[in-house]
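> The following block contains the structure, expressed as structure tokens.
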Amino acid sequence: MHELGVLLEVVKQVETIALENEVNQIETLVLQVGELCSMVPKYLTKLYPAAVEGTVLADSKLEIEIIPGNGRCKQCGQVYNLIDNKGACPECKVMDFEMLSGKEFFIKEIVACE
Amino acid sequence: MDKFKVIEIKQSVFEDNDADANRLREELKQENTYLLNLMSSPGSGKTTTLTKTINELKDEFRIGVMEADIDSDVDAQTISSTGAKVIQLHTGGMCHLDADMTRQGIKELGTENVDLVILENVGNLVCPAEFDTGSTKNAMILSVPEGDDKPLKYPLMFSICDVLLINKIDVLEYFDFNIDLCTQRAKKLNPNIKVIPISARTGEGISEWTDWLRNQVKEGVK
């Protein structure tokens, strides 16, 4: 359960961005979370109020966009979801892929109160 | 008359720390200090392995150790009995160490006094893997009782490490731990990972490990 530590890092970065943009209050924070980035969205949501207390993000909403963990099979070129297929290509049944997406952990945008 | 303003950012959360870690790595190189980040889960024998390692290498290098713990300094006390310079870093509840915390620790040790710094990271296979500390190389310990399935469960840790020490091989016969299978699983994630089976208790395999580290430090320092 390392989501809290990571959220504190997010808060730190958002505070810098808020300062640069002269924003005092934030309404919504949008994060993009890859399925394979080892962050559990449920925990992020749960810990969010604790992480943002007393910061520019206090009372803001957290929105999470999930990015699928997809790979392309190096044998047949098929693109498939790595989690649903446990890593193995549904066509060739081989685990030999190039990672396309799913490791992302991005601050996508913030909606600031004017 | 918009009440809200959307600020598009699209910034990787780990980017800040990654940039800082790269700066620290460069600084250490300039100052001829080699930083090894040692990671594992709690109870894998990190401190015992470290004690053996220091005893093997202390005549050749000036060694400093940074003990990262959420609290307490029991490990620091054990390590200081080897004569190495030890400092305790408290993460204050955080489950990992980032590049900035590492830099502060290094400053306290003083690079002019050490050739090799070993960072004993917080005992945990998840969070420390997410944060680059700025180390020259990463090593991890997996002990036999933990099971050979750990590369499957904590893939990121295995993919960022340069060396995997499989510890407690003296108790192999009591556990269903298959070294070959574990190696295979780790190499699938990270073809360049060097796997060294050791027993910190009996000393088996330790020289292979210290040989690797010695060469690394010599290459890095010279």
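Residue numbering restarts at 1 for every chain of the structure tokens, chains are lettered A, B, ... in their displayed order, and ligands are numbered from 1 as they appear.
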Could you list, as a PyMOL selection string, every residue of chain A that has an atom within 9 Å of an atom of chain B, counting only C-alpha atoms?
chain A and resi 1-6+9-10+13+17+21+27+31-32+37-38+104-114
> Show me, as a PyMOL selection string, the residues that have an atom within 8 Å of segment 59-64 of chain A when counting only C-alpha atoms, minus same-chain residues fewer than 4 positions from it.
chain A and resi 26-33+41+45+48-49+52-53
> Please measure the separation of atom CA of Gly110 of chain B and atom CA of Gly134 of chain B, giving the value in Å to one decimal.
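Taking atom CA of Gly110 of chain B as the start and atom CA of Gly134 of chain B as the end point, the length is 15.9 Å.
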> Using only C-alpha atoms, which of the listed residues (B:Glu60, B:Glu120, B:Glu26, B:Asp149) sits closest to Gly105 of chain B?
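Looking only at the distances to Gly105 of chain B, the closest residue turns out to be B:Glu120.
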> Can you list every residue in chain A that DSSP puts in helix (DSSP H, G or I), as number ranges by chain?
A: 3-20, 41-52
> Write out as a count of residues only each polymer residue whose atoms come within 10 Å of segment 29-43 of chain B, counting only C-alpha atoms; drop sequence neighbours fewer than 4 positions from it.
59
> Considering only C-alpha atoms, can you say which of A:Leu47, A:Ser101, A:Ile66, A:Gly54 comes closest to Leu82 of chain A?
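Ranking A:Leu47, A:Ser101, A:Ile66, A:Gly54 by distance to Leu82 of chain A, first place goes to A:Ser101.
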> Which residue gives the smallest distance to Ala58 of chain A among A:Asn81, A:Gln75, A:Asn24, A:Asn70, with only C-alpha atoms counted?
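Closest residue, counting only C-alpha atoms: A:Asn24.
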> For Gln77 of chain B, work out the shell of residues within 12 Å, counting only C-alpha atoms and skipping chain neighbours fewer than 3 positions away, then give it as a list in words.
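So the residues in contact are Thr47, Thr51, Val65, Met66, Glu67, Ser72, Asp73, Val74, Ser80, Ser81, Thr82, Gly83, Ala84, Lys85, Val86, Ile87 and Gln88 of chain B.
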> Export N, CA, C and O atoms of the chosen residues as a PDB file, in the first residue's frame?

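Listed below is the output, out_18.pdb:
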ATOM      1  N   THR B  47      20.290  -6.960   6.557  1.00  0.00           N
ATOM      2  CA  THR B  47      21.302  -6.462   7.478  1.00  0.00           C
ATOM      3  C   THR B  47      22.436  -7.469   7.653  1.00  0.00           C
ATOM      4  O   THR B  47      23.614  -7.099   7.671  1.00  0.00           O
ATOM      5  N   THR B  51      26.300  -6.843   6.648  1.00  0.00           N
ATOM      6  CA  THR B  51      27.406  -6.999   7.590  1.00  0.00           C
ATOM      7  C   THR B  51      28.521  -7.829   6.961  1.00  0.00           C
ATOM      8  O   THR B  51      29.696  -7.467   7.012  1.00  0.00           O
ATOM      9  N   VAL B  65      27.137   3.568   5.158  1.00  0.00           N
ATOM     10  CA  VAL B  65      25.841   2.901   5.055  1.00  0.00           C
ATOM     11  C   VAL B  65      24.746   3.868   5.464  1.00  0.00           C
ATOM     12  O   VAL B  65      24.879   4.586   6.462  1.00  0.00           O
ATOM     13  N   MET B  66      23.675   3.882   4.678  1.00  0.00           N
ATOM     14  CA  MET B  66      22.509   4.663   5.061  1.00  0.00           C
ATOM     15  C   MET B  66      21.370   3.684   5.319  1.00  0.00           C
ATOM     16  O   MET B  66      20.974   2.929   4.442  1.00  0.00           O
ATOM     17  N   GLU B  67      20.906   3.687   6.550  1.00  0.00           N
ATOM     18  CA  GLU B  67      19.830   2.789   6.938  1.00  0.00           C
ATOM     19  C   GLU B  67      18.517   3.545   6.846  1.00  0.00           C
ATOM     20  O   GLU B  67      18.289   4.463   7.625  1.00  0.00           O
ATOM     21  N   SER B  72      12.955   3.670  14.286  1.00  0.00           N
ATOM     22  CA  SER B  72      13.948   2.845  14.997  1.00  0.00           C
ATOM     23  C   SER B  72      15.342   2.896  14.379  1.00  0.00           C
ATOM     24  O   SER B  72      15.531   3.327  13.264  1.00  0.00           O
ATOM     25  N   ASP B  73      16.329   2.426  15.139  1.00  0.00           N
ATOM     26  CA  ASP B  73      17.692   2.415  14.619  1.00  0.00           C
ATOM     27  C   ASP B  73      18.412   1.123  14.976  1.00  0.00           C
ATOM     28  O   ASP B  73      19.611   1.094  15.097  1.00  0.00           O
ATOM     29  N   VAL B  74      17.632   0.029  15.086  1.00  0.00           N
ATOM     30  CA  VAL B  74      18.266  -1.245  15.463  1.00  0.00           C
ATOM     31  C   VAL B  74      19.264  -1.712  14.413  1.00  0.00           C
ATOM     32  O   VAL B  74      20.338  -2.208  14.734  1.00  0.00           O
ATOM     33  N   SER B  80      26.874  -0.596  12.617  1.00  0.00           N
ATOM     34  CA  SER B  80      27.999   0.216  13.085  1.00  0.00           C
ATOM     35  C   SER B  80      29.040  -0.627  13.795  1.00  0.00           C
ATOM     36  O   SER B  80      30.202  -0.238  13.896  1.00  0.00           O
ATOM     37  N   SER B  81      28.654  -1.838  14.241  1.00  0.00           N
ATOM     38  CA  SER B  81      29.629  -2.721  14.879  1.00  0.00           C
ATOM     39  C   SER B  81      30.692  -3.203  13.881  1.00  0.00           C
ATOM     40  O   SER B  81      31.740  -3.692  14.268  1.00  0.00           O
ATOM     41  N   THR B  82      30.437  -3.064  12.572  1.00  0.00           N
ATOM     42  CA  THR B  82      31.435  -3.459  11.571  1.00  0.00           C
ATOM     43  C   THR B  82      32.510  -2.384  11.411  1.00  0.00           C
ATOM     44  O   THR B  82      33.525  -2.618  10.774  1.00  0.00           O
ATOM     45  N   GLY B  83      32.241  -1.221  11.952  1.00  0.00           N
ATOM     46  CA  GLY B  83      33.212  -0.137  11.812  1.00  0.00           C
ATOM     47  C   GLY B  83      32.879   0.800  10.659  1.00  0.00           C
ATOM     48  O   GLY B  83      33.526   1.829  10.480  1.00  0.00           O
ATOM     49  N   ALA B  84      31.873   0.436   9.856  1.00  0.00           N
ATOM     50  CA  ALA B  84      31.493   1.311   8.738  1.00  0.00           C
ATOM     51  C   ALA B  84      30.781   2.543   9.290  1.00  0.00           C
ATOM     52  O   ALA B  84      30.195   2.504  10.369  1.00  0.00           O
ATOM     53  N   LYS B  85      30.858   3.608   8.533  1.00  0.00           N
ATOM     54  CA  LYS B  85      30.186   4.831   8.939  1.00  0.00           C
ATOM     55  C   LYS B  85      28.688   4.681   8.627  1.00  0.00           C
ATOM     56  O   LYS B  85      28.314   4.421   7.489  1.00  0.00           O
ATOM     57  N   VAL B  86      27.864   4.807   9.638  1.00  0.00           N
ATOM     58  CA  VAL B  86      26.431   4.560   9.431  1.00  0.00           C
ATOM     59  C   VAL B  86      25.605   5.783   9.775  1.00  0.00           C
ATOM     60  O   VAL B  86      25.852   6.439  10.788  1.00  0.00           O
ATOM     61  N   ILE B  87      24.632   6.072   8.955  1.00  0.00           N
ATOM     62  CA  ILE B  87      23.645   7.060   9.376  1.00  0.00           C
ATOM     63  C   ILE B  87      22.253   6.462   9.217  1.00  0.00           C
ATOM     64  O   ILE B  87      22.016   5.596   8.379  1.00  0.00           O
ATOM     65  N   GLN B  88      21.380   6.908  10.060  1.00  0.00           N
ATOM     66  CA  GLN B  88      20.005   6.413  10.029  1.00  0.00           C
ATOM     67  C   GLN B  88      19.123   7.470   9.365  1.00  0.00           C
ATOM     68  O   GLN B  88      19.156   8.641   9.732  1.00  0.00           O
TER      69      GLN B  88
END
> Enumerate, as a VMD selection string, the complete set of residues in chain A that a backbone-based DSSP assignment places in strand (DSSP E or B).
chain A and resid 26 to 34 61 to 67 70 to 73 79 to 81 97 to 101 105 to 113
